[in-house]
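Written out below as structure tokens is the structure these notes cover.
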Amino acid sequence: MRKLAFGYSTRCNLKCEHCVAAGDIPESRKMDYDRAKEIIVQMVRAGVGGISFSAGEPFLYINEIKELVNLCRQIGIYTRIVTNSFWANTPEVSDRIVSELKEIGLCQLRLSYSRWHQKGVNRNNVLNAANSCQKTGLNYFISFVTDFSASDDPYEAFLRDHDLLFFPEPVIYSGRAASFNRRYISTDYQANGCEMNPYLTPDLDLYACCDAGSHFSKTRFFYLGNLNDHKVEDLFNKTETDRLYHLIRTMGLTHIASFAGMSSRRIITYAKCELCRELFNAPETVFRLRAEISRLEAWRR
Ligand code: SF4
Ligand code: SF4
């Protein structure tokens, strides 16, 4: 099933230090509402079955987002909203808003949570939102963004103490987090494959990757094109038929890095998106990998 991260707006009420959505992309862009509706209809015709409203904070435009979710429901698209829960100040307010979302057909709420988010939003808001989802039967999960340091232990303990559904997500050292000190890690020699969900910006630029990849400014490696100039179908075909993208999904970044000449000792010091940047935000490496793509495809045990 084709899926998409739909960046209706990059505007946010917070300014988290780790935000990957901030960076090269201007911070307060917003898509035209009528154009967004047209695009969603084009998406379903192109076989898109799931849309995640993300990027900035979607609840800043909640009335428009609700209309878009409702449209998705009518045409059979699965929907998710990613939010920092600033709106869930009290259990009562949270219950009311979540009930409305459930009623218009939202499929899932993803609640962002971390020691950076919680500088701007009380963690009880996340608890309120999660409890409201449980009460109304709206599917939810908490995305617990962490750098795996001891500072995050009390944040994780809070989620465990309240028996909430959460999944740790490694902080991505891109956007604002690009200024963080790079942590020294030593991973297993794991494949580092990536599913690569496309990301649509408010300016209608479509990228093959929804996270750090939209910031690869030296190569624009994951840039697919703009929907004002291309059909949705053509851009999805592009991401599905590009031979290097295919290898990222199937072979994984680690083997590509080894093929490109990076030493094994160095490869295991990178988290996935960092390794991806080392390879694909370097013009010479991209040029070489594209030139030697057939040999790379045959690089198997
Ligand atoms: S991480 Fe999320 S909540 Fe924080 S500034 Fe970025 S978009 Fe806003
Ligand atoms: S590994 Fe690469 S393609 Fe995957 S999310 Fe990170 S930057 Fe994007």
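FYI, nothing fancy with the structure tokens labels: chains A, B, ... in order, residues from 1 per chain, ligands from 1 as they appear.
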
Legend entry - Spatial neighbours of range 252-264 of chain A, max dist 8 Å, only C-alpha atoms, sep filter under 6 positions, as a list in words: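 Residues near the query, excluding close chain neighbours: Tyr189, Gln190, Ala191, Asn192, Gly193, Cys194, Lys272, Leu275, Cys276, Leu279, Thr285, Leu289, Leu296 and Trp299 of chain A.
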
Take the residues just selected and output them with N, CA and C atoms as a short mmCIF file (atom, residue, chain, number, x, y, z; two decimals), in the first residue's frame.
data_model
loop_
_atom_site.label_atom_id
_atom_site.label_comp_id
_atom_site.auth_asym_id
_atom_site.auth_seq_id
_atom_site.Cartn_x
_atom_site.Cartn_y
_atom_site.Cartn_z
N TYR A 189 26.54 -5.04 13.33
CA TYR A 189 26.68 -4.82 11.88
C TYR A 189 25.33 -5.18 11.23
N GLN A 190 24.35 -4.31 11.55
CA GLN A 190 22.99 -4.61 11.10
C GLN A 190 22.73 -4.02 9.72
N ALA A 191 21.70 -4.54 9.04
CA ALA A 191 21.49 -4.16 7.64
C ALA A 191 21.16 -2.68 7.46
N ASN A 192 20.40 -2.10 8.40
CA ASN A 192 19.95 -0.71 8.26
C ASN A 192 19.14 -0.48 7.00
N GLY A 193 18.17 -1.37 6.77
CA GLY A 193 17.22 -1.13 5.68
C GLY A 193 16.23 -0.06 6.11
N CYS A 194 15.60 0.58 5.14
CA CYS A 194 14.64 1.64 5.50
C CYS A 194 13.43 1.56 4.56
N LYS A 272 21.26 4.94 11.75
CA LYS A 272 20.79 4.71 10.37
C LYS A 272 20.74 5.98 9.51
N LEU A 275 24.15 7.40 8.71
CA LEU A 275 24.85 6.62 7.68
C LEU A 275 24.29 6.97 6.30
N CYS A 276 22.97 7.13 6.26
CA CYS A 276 22.30 7.49 5.02
C CYS A 276 22.83 8.85 4.51
N LEU A 279 26.33 8.70 3.01
CA LEU A 279 26.36 8.15 1.66
C LEU A 279 25.70 9.06 0.63
N THR A 285 29.86 10.29 -3.99
CA THR A 285 29.42 8.93 -3.65
C THR A 285 28.16 8.58 -4.43
N LEU A 289 27.87 5.52 -7.00
CA LEU A 289 26.92 4.42 -6.78
C LEU A 289 25.95 4.27 -7.95
N LEU A 296 26.61 -3.11 -7.85
CA LEU A 296 26.08 -3.06 -6.48
C LEU A 296 24.92 -4.04 -6.30
N TRP A 299 26.09 -7.39 -5.54
CA TRP A 299 26.97 -7.46 -4.37
C TRP A 299 26.25 -8.26 -3.27
#

Please identify the alpha helix (DSSP H) residues within range 171-253 of chain A (assignment by DSSP from backbone atoms) and present them as a compact mmCIF listing (two decimals) with C-alpha atoms, in the first residue's frame.
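Writing the result to selection-v2.txt gives the following:
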# COMPACT_ATOMS: atom_id res chain seq x y z
CA VAL A 232 1.22 12.00 -8.11
CA GLU A 233 1.32 8.66 -9.91
CA ASP A 234 4.53 9.53 -11.77
CA LEU A 235 6.34 10.60 -8.60
CA PHE A 236 5.30 7.46 -6.74
CA ASN A 237 6.47 5.38 -9.71
CA LYS A 238 9.77 7.20 -9.52
CA THR A 239 10.35 6.31 -5.89
CA GLU A 240 9.34 2.70 -6.49
CA THR A 241 11.51 2.15 -9.56
CA ARG A 243 17.33 1.30 -8.32
CA LEU A 244 19.27 2.91 -5.48
CA TYR A 245 16.12 3.56 -3.43
CA HIS A 246 15.18 -0.07 -3.99
CA LEU A 247 18.52 -1.18 -2.57
CA ILE A 248 18.06 1.03 0.51
CA ARG A 249 14.82 -0.87 1.18
CA THR A 250 16.05 -4.35 0.37
CA LEU A 253 22.51 1.01 4.01

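Considering only C-alpha atoms, the residue among A:Val145, A:Ile77, A:Ile293, A:Leu164 positioned nearest to Leu127 in chain A is A:Leu164.
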
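Near range 104-115 of chain A, within 6 Å and counting only C-alpha atoms, sit Asn70, Arg73, Thr79, Arg80, Ile81, Val82, Thr83, Asn84, Leu101, Lys102, His117, Gln118, Asn139, Tyr140, Phe141, Ile142, Ser143, Phe144 and Val145 of chain A; same-chain residues fewer than 2 positions away were not included.
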
Once you have the residues from the selection above, write them out as a PDB file, in the first residue's frame, restricted to N, CA and C atoms.
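And here is the file that came out, part-v7.pdb:
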ATOM      1  N   ASN A  70     -11.923  13.760   7.279  1.00  0.00           N
ATOM      2  CA  ASN A  70     -13.270  13.331   6.884  1.00  0.00           C
ATOM      3  C   ASN A  70     -13.312  12.948   5.402  1.00  0.00           C
ATOM      4  N   ARG A  73     -11.725   9.642   4.959  1.00  0.00           N
ATOM      5  CA  ARG A  73     -12.631   8.557   5.367  1.00  0.00           C
ATOM      6  C   ARG A  73     -13.623   8.232   4.252  1.00  0.00           C
ATOM      7  N   THR A  79      -6.099   7.186   8.072  1.00  0.00           N
ATOM      8  CA  THR A  79      -5.501   8.466   8.502  1.00  0.00           C
ATOM      9  C   THR A  79      -4.885   8.392   9.896  1.00  0.00           C
ATOM     10  N   ARG A  80      -3.829   9.157  10.033  1.00  0.00           N
ATOM     11  CA  ARG A  80      -3.179   9.322  11.338  1.00  0.00           C
ATOM     12  C   ARG A  80      -2.851  10.802  11.502  1.00  0.00           C
ATOM     13  N   ILE A  81      -2.958  11.306  12.726  1.00  0.00           N
ATOM     14  CA  ILE A  81      -2.460  12.659  13.017  1.00  0.00           C
ATOM     15  C   ILE A  81      -1.331  12.521  14.043  1.00  0.00           C
ATOM     16  N   VAL A  82      -0.239  13.223  13.784  1.00  0.00           N
ATOM     17  CA  VAL A  82       0.891  13.249  14.715  1.00  0.00           C
ATOM     18  C   VAL A  82       0.815  14.574  15.473  1.00  0.00           C
ATOM     19  N   THR A  83       0.820  14.507  16.797  1.00  0.00           N
ATOM     20  CA  THR A  83       0.638  15.741  17.576  1.00  0.00           C
ATOM     21  C   THR A  83       1.494  15.771  18.832  1.00  0.00           C
ATOM     22  N   ASN A  84       1.747  16.986  19.320  1.00  0.00           N
ATOM     23  CA  ASN A  84       2.493  17.107  20.580  1.00  0.00           C
ATOM     24  C   ASN A  84       1.550  17.226  21.788  1.00  0.00           C
ATOM     25  N   LEU A 101     -12.705  13.564  16.942  1.00  0.00           N
ATOM     26  CA  LEU A 101     -11.818  12.969  15.928  1.00  0.00           C
ATOM     27  C   LEU A 101     -12.266  11.553  15.579  1.00  0.00           C
ATOM     28  N   LYS A 102     -12.647  10.823  16.602  1.00  0.00           N
ATOM     29  CA  LYS A 102     -13.115   9.448  16.383  1.00  0.00           C
ATOM     30  C   LYS A 102     -14.370   9.473  15.510  1.00  0.00           C
ATOM     31  N   HIS A 117      10.185  17.724  23.875  1.00  0.00           N
ATOM     32  CA  HIS A 117       8.778  18.135  23.758  1.00  0.00           C
ATOM     33  C   HIS A 117       8.237  18.607  25.107  1.00  0.00           C
ATOM     34  N   GLN A 118       8.616  17.892  26.167  1.00  0.00           N
ATOM     35  CA  GLN A 118       8.006  18.155  27.464  1.00  0.00           C
ATOM     36  C   GLN A 118       8.546  19.407  28.146  1.00  0.00           C
ATOM     37  N   ASN A 139      -7.477   4.285  18.175  1.00  0.00           N
ATOM     38  CA  ASN A 139      -6.140   3.705  18.192  1.00  0.00           C
ATOM     39  C   ASN A 139      -5.089   4.803  18.405  1.00  0.00           C
ATOM     40  N   TYR A 140      -4.092   4.551  19.247  1.00  0.00           N
ATOM     41  CA  TYR A 140      -3.054   5.549  19.487  1.00  0.00           C
ATOM     42  C   TYR A 140      -1.749   4.848  19.809  1.00  0.00           C
ATOM     43  N   PHE A 141      -0.671   5.563  19.696  1.00  0.00           N
ATOM     44  CA  PHE A 141       0.564   5.144  20.344  1.00  0.00           C
ATOM     45  C   PHE A 141       1.412   6.381  20.608  1.00  0.00           C
ATOM     46  N   ILE A 142       2.347   6.219  21.530  1.00  0.00           N
ATOM     47  CA  ILE A 142       3.231   7.326  21.871  1.00  0.00           C
ATOM     48  C   ILE A 142       4.585   7.081  21.227  1.00  0.00           C
ATOM     49  N   SER A 143       5.063   8.099  20.543  1.00  0.00           N
ATOM     50  CA  SER A 143       6.376   8.027  19.929  1.00  0.00           C
ATOM     51  C   SER A 143       7.366   8.678  20.909  1.00  0.00           C
ATOM     52  N   PHE A 144       8.140   7.849  21.581  1.00  0.00           N
ATOM     53  CA  PHE A 144       9.047   8.320  22.637  1.00  0.00           C
ATOM     54  C   PHE A 144      10.423   8.570  22.013  1.00  0.00           C
ATOM     55  N   VAL A 145      10.678   9.840  21.685  1.00  0.00           N
ATOM     56  CA  VAL A 145      11.942  10.189  21.015  1.00  0.00           C
ATOM     57  C   VAL A 145      13.045  10.267  22.062  1.00  0.00           C
TER      58      VAL A 145
END

Inset, instruction - Give the residues close to ligand 2, within 7 Å, counting only C-alpha atoms and all ligand atoms; write them as a PyMOL selection string. - result: chain A and resi 194-196+209-213+272-273+276-277

Legend entry - Contacts to ligand 1 at 6 Å cut-off (only C-alpha atoms and all ligand atoms) as a list in words: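 Counting only C-alpha atoms and all ligand atoms, the residues within 6 Å of ligand 1 come out as Cys12, Leu14, Lys15, Cys16, Cys19, Ala21, Ala55, Gly56, Glu57, Asn84 and His117 of chain A.
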
Kindly save the residues from that selection, with N, CA and C atoms included, as a compact mmCIF listing (two decimals), in the first residue's frame.
# COMPACT_ATOMS: atom_id res chain seq x y z
N CYS A 12 4.54 25.37 14.00
CA CYS A 12 4.39 24.63 15.25
C CYS A 12 4.37 25.60 16.42
N LEU A 14 5.65 24.79 19.29
CA LEU A 14 6.87 24.52 20.06
C LEU A 14 8.09 24.79 19.19
N LYS A 15 9.23 24.77 19.81
CA LYS A 15 10.49 24.92 19.08
C LYS A 15 11.48 23.92 19.67
N CYS A 16 11.14 22.66 19.57
CA CYS A 16 11.96 21.62 20.21
C CYS A 16 13.39 21.66 19.63
N CYS A 19 14.13 19.07 16.77
CA CYS A 19 13.12 18.94 15.70
C CYS A 19 13.74 18.68 14.33
N ALA A 21 11.89 18.40 11.67
CA ALA A 21 11.05 19.09 10.69
C ALA A 21 11.57 20.51 10.43
N ALA A 55 4.54 16.81 10.11
CA ALA A 55 5.39 17.99 9.86
C ALA A 55 5.32 18.95 11.03
N GLY A 56 4.65 20.12 10.91
CA GLY A 56 4.51 21.02 12.07
C GLY A 56 3.50 20.41 13.03
N GLU A 57 2.71 21.23 13.66
CA GLU A 57 1.70 20.72 14.61
C GLU A 57 0.32 20.80 13.93
N ASN A 84 1.75 16.99 19.32
CA ASN A 84 2.49 17.11 20.58
C ASN A 84 1.55 17.23 21.79
N HIS A 117 10.18 17.72 23.88
CA HIS A 117 8.78 18.14 23.76
C HIS A 117 8.24 18.61 25.11

Give me, as a short mmCIF file (atom, residue, chain, number, x, y, z; two decimals) with C-alpha atoms, in the first residue's frame, the residues of range 71-172 of chain A that a backbone DSSP run labels strand (DSSP E or B).
data_model
loop_
_atom_site.label_atom_id
_atom_site.label_comp_id
_atom_site.auth_asym_id
_atom_site.auth_seq_id
_atom_site.Cartn_x
_atom_site.Cartn_y
_atom_site.Cartn_z
CA TYR A 78 -6.43 5.36 6.46
CA THR A 79 -5.50 8.47 8.50
CA ARG A 80 -3.18 9.32 11.34
CA ILE A 81 -2.46 12.66 13.02
CA VAL A 82 0.89 13.25 14.71
CA THR A 83 0.64 15.74 17.58
CA GLN A 108 -4.97 6.72 14.72
CA LEU A 109 -3.40 9.41 16.89
CA ARG A 110 0.36 9.41 17.31
CA LEU A 111 1.50 11.34 20.37
CA SER A 112 5.03 12.75 20.30
CA TYR A 113 6.83 12.64 23.64
CA ASN A 139 -6.14 3.71 18.19
CA TYR A 140 -3.05 5.55 19.49
CA PHE A 141 0.56 5.14 20.34
CA ILE A 142 3.23 7.33 21.87
CA SER A 143 6.38 8.03 19.93
CA PHE A 144 9.05 8.32 22.64
CA VAL A 145 11.94 10.19 21.02
CA THR A 146 15.16 9.43 22.87
CA PHE A 166 4.86 3.60 23.48
CA PHE A 167 7.68 2.90 21.09
CA PRO A 168 11.17 4.42 21.46
CA GLU A 169 12.30 6.35 18.38
CA PRO A 170 15.96 7.33 18.08
#

Legend entry - Spatial neighbours of Phe180 in chain A, max dist 12 Å, only C-alpha atoms, sep filter under 3 positions, as a ChimeraX atom specification: /A:17-20,147,171-177,183
